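Visitor: Sending over input24.txt (compact mmCIF, C-alpha atoms).
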```txt
# COMPACT_ATOMS: atom_id res chain seq x y z
CA MET A 1210 0.00 0.00 0.00
CA GLU A 1211 1.40 3.31 -0.99
CA ILE A 1212 1.59 5.80 1.84
CA THR A 1213 0.34 9.08 0.51
CA ARG A 1214 0.19 12.22 2.57
CA ARG A 1215 -3.61 11.91 2.74
CA ARG A 1216 -3.41 8.34 4.03
CA LEU A 1217 -0.76 9.25 6.58
CA LEU A 1218 -2.98 12.00 7.96
CA VAL A 1219 -5.77 9.46 8.41
CA LEU A 1220 -3.51 6.84 10.01
CA LEU A 1221 -1.75 9.08 12.51
CA PRO A 1222 -4.73 9.80 14.82
CA ALA A 1223 -5.68 6.09 14.73
CA ALA A 1224 -2.15 5.16 15.76
CA ALA A 1225 -2.28 7.71 18.55
CA VAL A 1226 -5.52 6.17 19.88
CA ALA A 1227 -4.04 2.64 19.71
CA TRP A 1228 -0.80 3.66 21.44
CA LYS A 1229 -2.35 4.03 24.89
CA PHE A 1230 -3.66 0.45 24.64
CA VAL A 1231 -0.19 -0.75 23.65
CA LEU A 1232 1.22 1.05 26.67
CA ALA A 1233 -1.46 -0.36 28.98
CA GLY A 1234 -0.19 -3.88 28.33
CA THR A 1235 3.42 -2.91 28.87
CA PRO A 1236 4.96 -3.25 32.33
CA GLU A 1237 5.71 0.03 34.02
CA ALA A 1238 9.05 1.29 32.80
CA SER A 1239 11.91 1.93 35.21
CA PRO A 1240 14.66 3.21 32.95
CA ASN A 1241 17.34 3.55 35.63
CA TYR A 1242 16.80 0.14 37.20
CA LYS A 1243 19.39 -2.55 36.49
CA LEU A 1244 18.08 -6.08 37.09
CA THR A 1245 21.51 -7.60 37.57
CA GLU A 1246 22.48 -5.25 40.39
CA HIS A 1247 19.86 -6.47 42.87
CA TRP A 1248 18.88 -9.65 44.66
CA TRP A 1249 15.79 -9.02 46.73
CA GLY A 1250 14.67 -10.57 49.97
CA MET A 1251 13.11 -9.47 53.22
CA LEU A 1252 13.96 -9.44 56.87
CA ILE A 1253 11.25 -10.14 59.43
CA ASP A 1254 12.22 -9.22 62.97
CA ILE A 1255 9.73 -11.22 65.02
CA PRO A 1256 10.53 -9.59 68.39
CA LYS A 1257 9.52 -6.25 66.86
CA CYS A 1258 6.16 -7.30 65.37
CA ILE A 1259 3.17 -5.91 67.26
CA GLY A 1260 0.51 -7.56 65.09
CA CYS A 1261 -1.12 -4.25 64.15
CA GLY A 1262 -2.11 -5.56 60.71
CA GLY A 1263 -0.83 -2.44 58.95
CA CYS A 1264 1.15 -4.54 56.49
CA VAL A 1265 -1.88 -6.65 55.55
CA ARG A 1266 -4.06 -3.59 54.97
CA ALA A 1267 -1.35 -1.77 53.02
CA CYS A 1268 -0.70 -4.79 50.81
CA ALA A 1269 -4.40 -5.17 50.02
CA GLU A 1270 -4.70 -1.50 49.11
CA GLU A 1271 -1.50 -1.27 47.12
CA ASN A 1272 -2.09 -4.45 45.13
CA ASP A 1273 -5.89 -4.55 44.95
CA VAL A 1274 -6.03 -7.89 46.76
CA PRO A 1275 -9.62 -9.24 46.88
CA GLU A 1276 -11.35 -9.33 50.28
CA GLY A 1277 -10.76 -12.62 52.06
CA TYR A 1278 -7.46 -13.30 50.24
CA TYR A 1279 -4.01 -12.33 51.46
CA ARG A 1280 -0.65 -11.83 49.81
CA THR A 1281 0.74 -11.30 53.28
CA TRP A 1282 -0.81 -12.15 56.62
CA ILE A 1283 0.07 -12.30 60.31
CA GLU A 1284 -0.21 -15.32 62.56
CA ARG A 1285 -0.42 -15.20 66.33
CA TYR A 1286 1.32 -18.10 68.03
CA HIS A 1287 0.60 -19.39 71.48
CA VAL A 1288 3.07 -21.99 72.67
CA THR A 1289 3.17 -23.63 76.05
CA ASP A 1290 6.49 -24.89 77.29
CA TRP A 1291 5.73 -28.53 76.81
CA LYS A 1292 3.79 -28.35 73.52
CA ILE A 1293 6.38 -26.81 71.22
CA GLU A 1294 5.38 -29.16 68.41
CA LYS A 1295 1.73 -28.23 68.66
CA PRO A 1296 1.48 -24.45 68.81
CA GLU A 1297 -1.92 -22.77 68.74
CA VAL A 1298 -1.94 -20.56 65.68
CA GLU A 1299 -4.61 -18.08 64.71
CA SER A 1300 -4.91 -15.47 62.00
CA PRO A 1301 -8.37 -13.89 62.09
CA ASN A 1302 -8.98 -12.19 58.73
CA GLY A 1303 -5.25 -12.52 58.09
CA GLY A 1304 -4.60 -10.18 61.00
CA LYS A 1305 -5.90 -7.36 58.82
CA GLN A 1306 -7.80 -5.73 61.68
CA GLY A 1307 -5.28 -6.68 64.32
CA PHE A 1308 -5.91 -9.37 66.91
CA PRO A 1309 -8.53 -9.67 69.63
CA LEU A 1310 -7.28 -9.39 73.17
CA ASN A 1311 -6.05 -12.63 74.63
CA GLN A 1312 -5.53 -13.44 78.23
CA ASP A 1313 -1.95 -14.16 79.12
CA SER A 1314 -2.48 -17.82 79.93
CA GLY A 1315 1.18 -18.69 80.30
CA GLY A 1316 3.60 -19.89 77.69
CA LYS A 1317 4.81 -17.79 74.81
CA ASN A 1318 2.76 -15.49 72.63
CA PHE A 1319 4.13 -13.77 69.55
CA PHE A 1320 3.27 -12.66 66.04
CA VAL A 1321 4.73 -14.03 62.81
CA PRO A 1322 4.16 -12.08 59.60
CA LYS A 1323 4.19 -14.26 56.50
CA LEU A 1324 4.48 -13.66 52.79
CA CYS A 1325 5.96 -15.25 49.68
CA ASN A 1326 9.53 -16.28 50.49
CA HIS A 1327 10.73 -15.44 46.98
CA CYS A 1328 12.62 -18.71 46.89
CA ALA A 1329 15.70 -18.90 44.71
CA GLU A 1330 14.77 -22.54 43.96
CA SER A 1331 11.05 -22.00 44.02
CA PRO A 1332 8.81 -25.08 43.79
CA CYS A 1333 5.97 -23.01 42.32
CA THR A 1334 8.10 -21.97 39.36
CA GLN A 1335 9.18 -25.54 38.72
CA VAL A 1336 5.63 -26.91 38.44
CA CYS A 1337 4.11 -24.21 36.23
CA PRO A 1338 3.29 -25.95 32.95
CA VAL A 1339 3.24 -22.77 30.87
CA GLY A 1340 6.05 -20.73 32.39
CA ALA A 1341 3.64 -18.12 33.69
CA THR A 1342 5.44 -17.94 37.01
CA PHE A 1343 9.12 -17.17 36.96
CA VAL A 1344 12.04 -15.85 38.98
CA THR A 1345 13.29 -12.49 37.79
CA PRO A 1346 17.05 -11.93 37.46
CA ASP A 1347 16.82 -9.81 40.62
CA GLY A 1348 15.33 -12.66 42.62
CA VAL A 1349 11.59 -11.94 42.74
CA VAL A 1350 9.05 -14.66 41.96
CA LEU A 1351 6.33 -13.20 39.75
CA VAL A 1352 3.27 -14.40 37.85
CA ASP A 1353 2.52 -13.28 34.30
CA LYS A 1354 -1.28 -13.13 34.31
CA SER A 1355 -1.46 -13.17 30.53
CA TYR A 1356 0.11 -16.66 30.48
CA CYS A 1357 -1.43 -18.16 33.63
CA LEU A 1358 -4.09 -20.79 32.96
CA GLY A 1359 -5.29 -20.95 36.56
CA CYS A 1360 -4.41 -24.66 36.82
CA ARG A 1361 -3.54 -24.32 40.53
CA TYR A 1362 -0.40 -26.49 40.35
CA CYS A 1363 1.59 -23.68 41.90
CA VAL A 1364 -0.96 -23.17 44.67
CA GLN A 1365 -0.42 -26.82 45.63
CA ALA A 1366 3.35 -26.66 45.20
CA CYS A 1367 4.07 -23.68 47.46
CA PRO A 1368 5.13 -25.14 50.82
CA TYR A 1369 4.28 -21.88 52.53
CA GLY A 1370 0.69 -21.49 51.33
CA CYS A 1371 1.46 -18.13 49.78
CA ARG A 1372 -0.54 -18.47 46.57
CA PHE A 1373 -4.22 -18.28 45.73
CA ILE A 1374 -6.41 -18.04 42.67
CA ASN A 1375 -7.77 -14.54 42.26
CA PRO A 1376 -11.55 -14.99 41.90
CA LYS A 1377 -11.78 -12.00 39.56
CA THR A 1378 -9.07 -12.97 37.09
CA ASN A 1379 -8.96 -16.75 37.72
CA THR A 1380 -5.19 -16.57 37.66
CA ALA A 1381 -2.64 -17.39 40.32
CA GLU A 1382 -1.70 -14.52 42.58
CA LYS A 1383 0.91 -13.94 45.24
CA CYS A 1384 3.18 -11.33 46.78
CA SER A 1385 5.09 -9.55 44.04
CA LEU A 1386 7.41 -7.92 46.58
CA CYS A 1387 5.78 -4.74 45.23
CA TYR A 1388 7.92 -5.10 42.13
CA HIS A 1389 6.32 -1.97 40.67
CA ARG A 1390 7.67 -0.05 43.66
CA ILE A 1391 11.09 -1.57 44.32
CA THR A 1392 12.17 -1.07 40.72
CA LYS A 1393 11.52 2.63 41.24
CA GLY A 1394 13.66 2.86 44.36
CA LEU A 1395 10.74 2.68 46.81
CA THR A 1396 10.26 0.03 49.46
CA THR A 1397 7.31 -2.38 49.51
CA ALA A 1398 3.95 -1.16 50.82
CA CYS A 1399 4.15 -3.50 53.84
CA CYS A 1400 7.64 -2.30 54.80
CA GLU A 1401 6.64 1.31 54.21
CA VAL A 1402 3.86 1.19 56.79
CA CYS A 1403 5.42 -1.17 59.35
CA PRO A 1404 5.60 1.11 62.41
CA THR A 1405 8.27 -0.83 64.29
CA GLY A 1406 10.61 -1.87 61.46
CA ALA A 1407 9.66 -5.52 61.93
CA ARG A 1408 9.64 -5.87 58.14
CA GLN A 1409 12.54 -4.61 56.11
CA LEU A 1410 13.15 -4.98 52.41
CA ALA A 1411 16.64 -6.32 51.79
CA ASP A 1412 18.83 -6.08 48.73
CA LEU A 1413 21.34 -8.88 49.16
CA LYS A 1414 23.48 -7.66 46.27
CA ASN A 1415 23.83 -4.16 47.64
CA PRO A 1416 26.90 -4.14 49.90
CA LYS A 1417 25.61 -1.02 51.66
CA ASP A 1418 22.32 -2.65 52.65
CA PRO A 1419 22.10 -3.02 56.47
CA ILE A 1420 20.90 -6.60 55.95
CA HIS A 1421 24.50 -7.80 55.66
CA GLU A 1422 25.49 -6.50 59.08
CA PHE A 1423 22.24 -7.82 60.52
CA LEU A 1424 22.77 -11.33 59.11
CA LYS A 1425 26.32 -11.35 60.47
CA THR A 1426 25.33 -10.37 63.98
CA HIS A 1427 21.99 -12.14 64.49
CA THR A 1428 20.72 -15.69 64.48
CA VAL A 1429 18.30 -15.76 61.59
CA GLN A 1430 16.25 -18.58 60.15
CA VAL A 1431 14.09 -19.23 57.11
CA LEU A 1432 10.78 -21.08 57.12
CA LYS A 1433 11.00 -24.80 56.35
CA PRO A 1434 14.74 -24.90 55.65
CA HIS A 1435 14.49 -28.67 55.09
CA MET A 1436 12.55 -27.96 51.88
CA ALA A 1437 15.73 -26.41 50.40
CA THR A 1438 13.71 -23.76 48.58
CA GLY A 1439 16.36 -21.06 48.89
CA ALA A 1440 13.86 -18.88 50.76
CA LYS A 1441 14.92 -15.24 50.96
CA VAL A 1442 12.63 -14.07 53.73
CA PHE A 1443 14.82 -14.18 56.80
CA TYR A 1444 13.27 -14.40 60.25
CA ASN A 1445 15.07 -13.05 63.29
CA GLY A 1446 14.18 -14.42 66.71
CA MET A 1447 11.96 -17.16 65.31
CA ASP A 1448 10.77 -19.75 67.79
CA GLY A 1449 11.20 -23.44 66.94
CA SER A 1450 7.43 -23.87 66.99
CA VAL A 1451 6.89 -21.71 63.90
CA ARG A 1452 5.85 -23.71 60.86
CA MET B 427 0.67 2.89 43.26
CA ALA B 428 -1.31 3.74 46.37
CA PHE B 429 1.46 4.58 48.84
CA ALA B 430 3.61 7.59 48.06
CA GLY B 431 6.43 6.75 50.48
CA HIS B 432 7.59 8.83 53.44
CA ASP B 433 10.23 10.68 51.43
CA THR B 434 7.49 12.18 49.27
CA CYS B 435 5.47 13.25 52.33
CA GLU B 436 8.49 14.71 54.07
CA ALA B 437 9.41 16.87 51.08
CA CYS B 438 6.44 19.14 51.85
CA HIS B 439 5.53 18.46 55.50
CA THR B 440 8.81 19.55 57.03
CA ASP B 441 7.07 20.95 60.13
CA VAL B 442 5.75 17.49 60.97
CA VAL B 443 9.19 15.97 60.41
CA ASP B 444 10.61 18.38 62.99
CA GLN B 445 7.91 17.43 65.49
CA LYS B 446 8.39 13.72 64.92
CA LYS B 447 12.13 14.05 65.51
CA GLN B 448 11.39 14.98 69.11
CA GLY B 449 9.58 11.74 69.88
CA LYS B 450 9.54 8.04 69.39
CA HIS B 451 7.22 8.20 66.39
CA VAL B 452 10.14 9.44 64.31
CA VAL B 453 10.52 5.89 62.99
CA VAL B 454 6.86 5.58 62.01
CA SER B 455 6.16 6.28 58.37
CA CYS B 456 3.45 8.88 57.65
CA GLU B 457 1.26 6.44 55.75
CA ALA B 458 1.33 3.92 58.59
CA CYS B 459 -1.30 6.08 60.31
CA HIS B 460 -2.60 8.36 57.55
CA GLY B 461 -3.10 5.55 55.03
CA ALA B 462 -2.20 5.51 51.35
CA GLN B 463 -1.60 9.06 50.16
CA ALA B 464 -0.23 8.77 46.61
CA ARG B 465 -3.35 10.48 45.26
CA HIS B 466 -2.87 13.33 47.71
CA ALA B 467 0.81 13.58 46.71
CA ASP B 468 -0.17 13.73 43.03
CA ASP B 469 -2.76 16.43 43.60
CA PRO B 470 -2.32 18.00 47.04
CA ALA B 471 -4.76 20.82 46.36
CA SER B 472 -7.87 18.78 45.66
CA VAL B 473 -7.24 15.45 47.41
CA LYS B 474 -7.09 16.02 51.15
CA PRO B 475 -6.33 13.22 53.63
CA ALA B 476 -9.17 12.41 56.02
CA LYS B 477 -8.83 13.45 59.66
CA LEU B 478 -7.95 10.41 61.73
CA ASP B 479 -9.89 9.07 64.66
CA THR B 480 -7.09 8.61 67.15
CA ALA B 481 -9.24 6.38 69.37
CA VAL B 482 -9.11 3.83 66.55
CA VAL B 483 -5.76 4.46 64.87
CA CYS B 484 -3.60 4.56 68.01
CA ALA B 485 -5.27 1.47 69.46
CA ARG B 486 -4.23 -0.61 66.44
CA CYS B 487 -0.69 -0.52 67.72
CA HIS B 488 -1.00 0.37 71.38
CA GLU B 489 -3.91 -1.77 72.59
CA ALA B 490 -2.51 -4.24 75.10
CA ASN B 491 -2.01 -7.78 73.87
CA SER B 492 0.10 -10.45 75.51
CA ALA B 493 1.64 -11.37 72.14
CA LYS B 494 3.13 -7.91 71.71
CA PRO B 495 6.78 -7.41 72.63
CA LYS B 496 7.05 -6.67 76.34
CA GLY B 497 8.95 -3.41 75.87
CA PHE B 498 6.39 -1.97 73.47
CA PRO B 499 4.18 0.74 75.04
CA GLN B 500 0.69 -0.70 75.31
CA VAL B 501 -2.41 0.12 77.32
CA ALA B 502 -5.88 -1.29 77.83
CA THR B 503 -7.62 1.72 76.29
CA ALA B 504 -10.86 1.21 78.21
CA ASP B 505 -8.98 1.61 81.49
CA HIS B 506 -6.41 4.09 80.23
CA SER B 507 -8.65 6.68 78.62
CA GLY B 508 -12.22 5.47 79.07
CA GLY B 509 -12.94 5.82 75.36
CA LEU B 510 -11.55 9.35 75.01
CA ALA B 511 -9.68 10.05 71.79
CA CYS B 512 -5.93 9.72 72.39
CA ASP B 513 -5.20 13.19 70.99
CA THR B 514 -7.12 14.68 73.91
CA CYS B 515 -3.86 14.33 75.84
CA HIS B 516 -1.20 13.08 73.40
CA GLN B 517 0.09 14.89 70.36
CA PRO B 518 0.34 11.99 67.88
CA HIS B 519 3.49 13.22 66.11
CA ARG B 520 5.26 13.60 69.46
CA PRO B 521 3.26 11.43 71.81
CA ARG B 522 5.13 11.77 75.09
CA ILE B 523 3.23 14.13 77.38
CA ASP B 524 5.56 16.88 78.51
CA THR B 525 4.07 19.14 81.12
CA SER B 526 6.58 21.96 80.86
CA ALA B 527 4.95 25.24 79.87
CA GLU B 528 7.38 25.87 77.03
CA THR B 529 6.51 22.64 75.20
CA LYS B 530 2.84 23.12 75.81
CA SER B 531 2.78 26.41 73.95
CA ALA B 532 4.93 24.99 71.16
CA THR B 533 2.64 22.08 70.48
CA GLU B 534 -0.69 23.67 71.19
CA GLY B 535 -3.11 23.54 68.29
CA LYS B 536 -0.95 21.21 66.28
CA LYS B 537 -2.93 18.10 66.89
```
As structure tokens, how would this structure be written, given the file I've shared?
Guide:
Amino acid sequence: MEITRRRLLVLLPAAAVAWKFVLAGTPEASPNYKLTEHWWGMLIDIPKCIGCGGCVRACAEENDVPEGYYRTWIERYHVTDWKIEKPEVESPNGGKQGFPLNQDSGGKNFFVPKLCNHCAESPCTQVCPVGATFVTPDGVVLVDKSYCLGCRYCVQACPYGCRFINPKTNTAEKCSLCYHRITKGLTTACCEVCPTGARQLADLKNPKDPIHEFLKTHTVQVLKPHMATGAKVFYNGMDGSVR
Amino acid sequence: MAFAGHDTCEACHTDVVDQKKQGKHVVVSCEACHGAQARHADDPASVKPAKLDTAVVCARCHEANSAKPKGFPQVATADHSGGLACDTCHQPHRPRIDTSAETKSATEGKK
């Protein structure tokens, strides 16, 4: 087809209208962000968590998480001295509205915030039949909704119960470590609002990140280390009863 | 993006930053209490943050619970204030009650 000046004048406005739809399907651009210079994880300092639920509410608002589903949640543990293998765990509404008062009935009581562990050897990535879930070069496990079939293999495979099927999109959903924020130099929504610093985003490739000093000087643990998932959410002060 | 981040807030609200520096809430991000404010940051003139009900917001963190760390300041609000809003006595950005006359005049009306 020959492009005449008349035709070009007709085509240009049409192209302009189409461009915004092209952009809508394109991930948000972060021109100054270099994937290879980061390796993301998170530090959870259990002795600092007050179970206020701020992280759960912020995550839901930031990521439009449907009511009744949680990308992050808080568990309250109650452990008596002699029942360390059978802790009482509760998480009413994911801890979104905090926790009801409990009587101090002896034993230990503490909060454990949970989220996707962004495993370096993630089981969920390995079972996805269509490659919709993947680990980014900077260590974040993400789901590409446009590829996800909603087969639920990954929901079954995650040893930490961090995935669910979004009832609106029928695709797998999970914590994205606020990828749209961290690639712009911001912290995650949950870390932003955590009033006590119990949650801290950690860049393991950044030598100036305080995580390195913290890991050197504290006894940290990951959830289910026997699963060898390469979990990158590090828990400080975690009791042996935490599952 | 719903949360603007505390750096964005602090760029304009320098007076609040100065107040927070005098108290323990210096480590608490603005949006931890005020909620997501990216829309306000984008258009400060027309999108105004809602006034907070301190009887609800403060209690989220400071209501006593045996699972909270022992050193964390917590009260049974029913006994502590009898349902009064916390900002009746405490200035949320600098919550410690200082009875000296000088501080009183400096913080008055800045609830």
Visitor: For A:Leu1310, work out the shell of residues within 10 Å, counting all atoms listed in the file and skipping chain neighbours fewer than 4 positions away, then give it as a list of chain:residue names.
Guide: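 Once the adjacent positions are removed, what remains is B:Glu489, B:Ala490, B:Asn491, B:Ser492, B:Ala493, B:Ala502.
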Visitor: Taking 5 positions as the minimum chain separation for residues in the same chain, which residues sit within 8 Å of A:Thr1334 when counting all atoms listed in the file? Answer as JSON, numbers by chain.
Guide: {"A": [1340, 1342, 1343, 1344, 1350, 1363]}
Visitor: Using all atoms listed in the file, which of the listed residues (A:Pro1309, A:Pro1275, A:Gly1348, A:Pro1416) sits closest to chain B?
Guide: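 Smallest separation from chain B among the options: A:Pro1309.
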Visitor: Could you please tell me, as a CSV table (one decimal) with C-alpha atoms, keeping the file's coordinate frame, which residues of chain B have an atom within 9 Å of chain A when using all atoms listed in the file?
Guide:
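As a result, result-v4.csv now contains:
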```csv
chain,number,residue,atom,x,y,z
B,427,MET,CA,0.7,2.9,43.3
B,428,ALA,CA,-1.3,3.7,46.4
B,429,PHE,CA,1.5,4.6,48.8
B,430,ALA,CA,3.6,7.6,48.1
B,431,GLY,CA,6.4,6.8,50.5
B,432,HIS,CA,7.6,8.8,53.4
B,451,HIS,CA,7.2,8.2,66.4
B,453,VAL,CA,10.5,5.9,63.0
B,454,VAL,CA,6.9,5.6,62.0
B,455,SER,CA,6.2,6.3,58.4
B,456,CYS,CA,3.4,8.9,57.6
B,457,GLU,CA,1.3,6.4,55.8
B,458,ALA,CA,1.3,3.9,58.6
B,459,CYS,CA,-1.3,6.1,60.3
B,461,GLY,CA,-3.1,5.6,55.0
B,462,ALA,CA,-2.2,5.5,51.4
B,485,ALA,CA,-5.3,1.5,69.5
B,486,ARG,CA,-4.2,-0.6,66.4
B,487,CYS,CA,-0.7,-0.5,67.7
B,488,HIS,CA,-1.0,0.4,71.4
B,489,GLU,CA,-3.9,-1.8,72.6
B,490,ALA,CA,-2.5,-4.2,75.1
B,491,ASN,CA,-2.0,-7.8,73.9
B,492,SER,CA,0.1,-10.4,75.5
B,493,ALA,CA,1.6,-11.4,72.1
B,494,LYS,CA,3.1,-7.9,71.7
B,495,PRO,CA,6.8,-7.4,72.6
B,498,PHE,CA,6.4,-2.0,73.5
```
Visitor: For a test of reading the model, state the distance in Å between atom CA of A:Pro1368 and atom CA of A:Tyr1278, rounded to one decimal.
Guide: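 Going from atom CA of A:Pro1368 over to atom CA of A:Tyr1278, I get 17.3 Å.
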Visitor: Tell me which protein, DNA and RNA residues are within 9 Å of A:Trp1291, counting all atoms listed in the file, leaving out same-chain ones fewer than 3 positions away, and put them as a PyMOL selection string.
Guide: chain A and resi 1288+1294+1316
Visitor: So how far away is atom CA of A:Arg1408 from atom CA of A:Asp1254, in Å?
Guide: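 Interatomic distance here is 6.4 Å.
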Visitor: Excluding A:Gly1446 and residues on its chain fewer than 2 positions from it, collect all residues at most 9 Å away from it, counting all atoms listed in the file, and give them as an NGL selection string.
Guide: :A and (1253-1256 or 1427-1430 or 1444 or 1448)
Visitor: Check the smallest atom-to-atom distance from each of B:Cys435, B:Pro475, B:Cys484, B:Arg520 to B:Val501 using only C-alpha atoms, then report the winner.
Guide: B:Cys484
Visitor: Hey, which of A:Arg1372, A:Lys1354, A:Lys1414, A:Lys1323 ends up closest to A:Val1442? Count all atoms listed in the file.
Guide: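 Looking only at the distances to A:Val1442, the closest residue turns out to be A:Lys1323.
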Visitor: Any idea what the distance is between atom CA of A:Val1339 and atom CA of A:Gly1370?
Guide: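 Computed distance, atom CA of A:Val1339 to atom CA of A:Gly1370, equals 20.7 Å.
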Visitor: Of the candidates B:His519, B:Asp505, B:Asp524, B:Pro499, which one gets nearest to B:Val452 if we count all atoms listed in the file?
Guide: B:His519
Visitor: Assuming the input is short of atoms at stretch 506-526 of chain B, produce N, CA and C atoms for that part as a PDB file, keeping the file's coordinate frame.
Guide:
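Generated output (rebuild.pdb):
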```pdb
ATOM      1  N   HIS B 506      -7.368   2.997  80.341  1.00  0.00           N
ATOM      2  CA  HIS B 506      -6.410   4.090  80.230  1.00  0.00           C
ATOM      3  C   HIS B 506      -7.090   5.427  79.946  1.00  0.00           C
ATOM      4  N   SER B 507      -8.067   5.404  79.039  1.00  0.00           N
ATOM      5  CA  SER B 507      -8.650   6.680  78.620  1.00  0.00           C
ATOM      6  C   SER B 507     -10.182   6.677  78.690  1.00  0.00           C
ATOM      7  N   GLY B 508     -10.761   5.541  78.971  1.00  0.00           N
ATOM      8  CA  GLY B 508     -12.220   5.470  79.070  1.00  0.00           C
ATOM      9  C   GLY B 508     -12.923   5.852  77.778  1.00  0.00           C
ATOM     10  N   GLY B 509     -12.293   5.551  76.642  1.00  0.00           N
ATOM     11  CA  GLY B 509     -12.940   5.820  75.360  1.00  0.00           C
ATOM     12  C   GLY B 509     -12.633   7.197  74.792  1.00  0.00           C
ATOM     13  N   LEU B 510     -11.929   8.029  75.536  1.00  0.00           N
ATOM     14  CA  LEU B 510     -11.550   9.350  75.010  1.00  0.00           C
ATOM     15  C   LEU B 510     -10.583   9.181  73.837  1.00  0.00           C
ATOM     16  N   ALA B 511     -10.642  10.092  72.890  1.00  0.00           N
ATOM     17  CA  ALA B 511      -9.680  10.050  71.790  1.00  0.00           C
ATOM     18  C   ALA B 511      -8.286  10.324  72.344  1.00  0.00           C
ATOM     19  N   CYS B 512      -7.293   9.620  71.828  1.00  0.00           N
ATOM     20  CA  CYS B 512      -5.930   9.720  72.390  1.00  0.00           C
ATOM     21  C   CYS B 512      -5.372  11.129  72.273  1.00  0.00           C
ATOM     22  N   ASP B 513      -5.769  11.852  71.175  1.00  0.00           N
ATOM     23  CA  ASP B 513      -5.200  13.190  70.990  1.00  0.00           C
ATOM     24  C   ASP B 513      -5.808  14.226  71.932  1.00  0.00           C
ATOM     25  N   THR B 514      -6.670  13.780  72.837  1.00  0.00           N
ATOM     26  CA  THR B 514      -7.120  14.680  73.910  1.00  0.00           C
ATOM     27  C   THR B 514      -5.923  15.055  74.784  1.00  0.00           C
ATOM     28  N   CYS B 515      -5.048  14.082  75.000  1.00  0.00           N
ATOM     29  CA  CYS B 515      -3.860  14.330  75.840  1.00  0.00           C
ATOM     30  C   CYS B 515      -2.552  14.263  75.042  1.00  0.00           C
ATOM     31  N   HIS B 516      -2.462  13.296  74.117  1.00  0.00           N
ATOM     32  CA  HIS B 516      -1.200  13.080  73.400  1.00  0.00           C
ATOM     33  C   HIS B 516      -1.211  13.798  72.059  1.00  0.00           C
ATOM     34  N   GLN B 517      -0.072  14.323  71.689  1.00  0.00           N
ATOM     35  CA  GLN B 517       0.090  14.890  70.360  1.00  0.00           C
ATOM     36  C   GLN B 517       0.681  13.754  69.510  1.00  0.00           C
ATOM     37  N   PRO B 518      -0.075  13.235  68.539  1.00  0.00           N
ATOM     38  CA  PRO B 518       0.340  11.990  67.880  1.00  0.00           C
ATOM     39  C   PRO B 518       1.731  12.019  67.243  1.00  0.00           C
ATOM     40  N   HIS B 519       2.167  13.172  66.745  1.00  0.00           N
ATOM     41  CA  HIS B 519       3.490  13.220  66.110  1.00  0.00           C
ATOM     42  C   HIS B 519       4.622  13.239  67.142  1.00  0.00           C
ATOM     43  N   ARG B 520       4.257  13.552  68.385  1.00  0.00           N
ATOM     44  CA  ARG B 520       5.260  13.600  69.460  1.00  0.00           C
ATOM     45  C   ARG B 520       4.530  13.194  70.724  1.00  0.00           C
ATOM     46  N   PRO B 521       4.305  11.874  70.875  1.00  0.00           N
ATOM     47  CA  PRO B 521       3.260  11.430  71.810  1.00  0.00           C
ATOM     48  C   PRO B 521       3.567  11.565  73.293  1.00  0.00           C
ATOM     49  N   ARG B 522       4.826  11.697  73.667  1.00  0.00           N
ATOM     50  CA  ARG B 522       5.130  11.770  75.090  1.00  0.00           C
ATOM     51  C   ARG B 522       4.567  13.067  75.673  1.00  0.00           C
ATOM     52  N   ILE B 523       3.841  12.936  76.779  1.00  0.00           N
ATOM     53  CA  ILE B 523       3.230  14.130  77.380  1.00  0.00           C
ATOM     54  C   ILE B 523       4.280  14.845  78.216  1.00  0.00           C
ATOM     55  N   ASP B 524       4.583  16.061  77.786  1.00  0.00           N
ATOM     56  CA  ASP B 524       5.560  16.880  78.510  1.00  0.00           C
ATOM     57  C   ASP B 524       4.789  18.027  79.148  1.00  0.00           C
ATOM     58  N   THR B 525       4.910  18.164  80.423  1.00  0.00           N
ATOM     59  CA  THR B 525       4.070  19.140  81.120  1.00  0.00           C
ATOM     60  C   THR B 525       4.707  20.521  81.238  1.00  0.00           C
ATOM     61  N   SER B 526       5.943  20.647  80.727  1.00  0.00           N
ATOM     62  CA  SER B 526       6.580  21.960  80.860  1.00  0.00           C
ATOM     63  C   SER B 526       5.842  22.986  79.997  1.00  0.00           C
TER      64      SER B 526
END
```
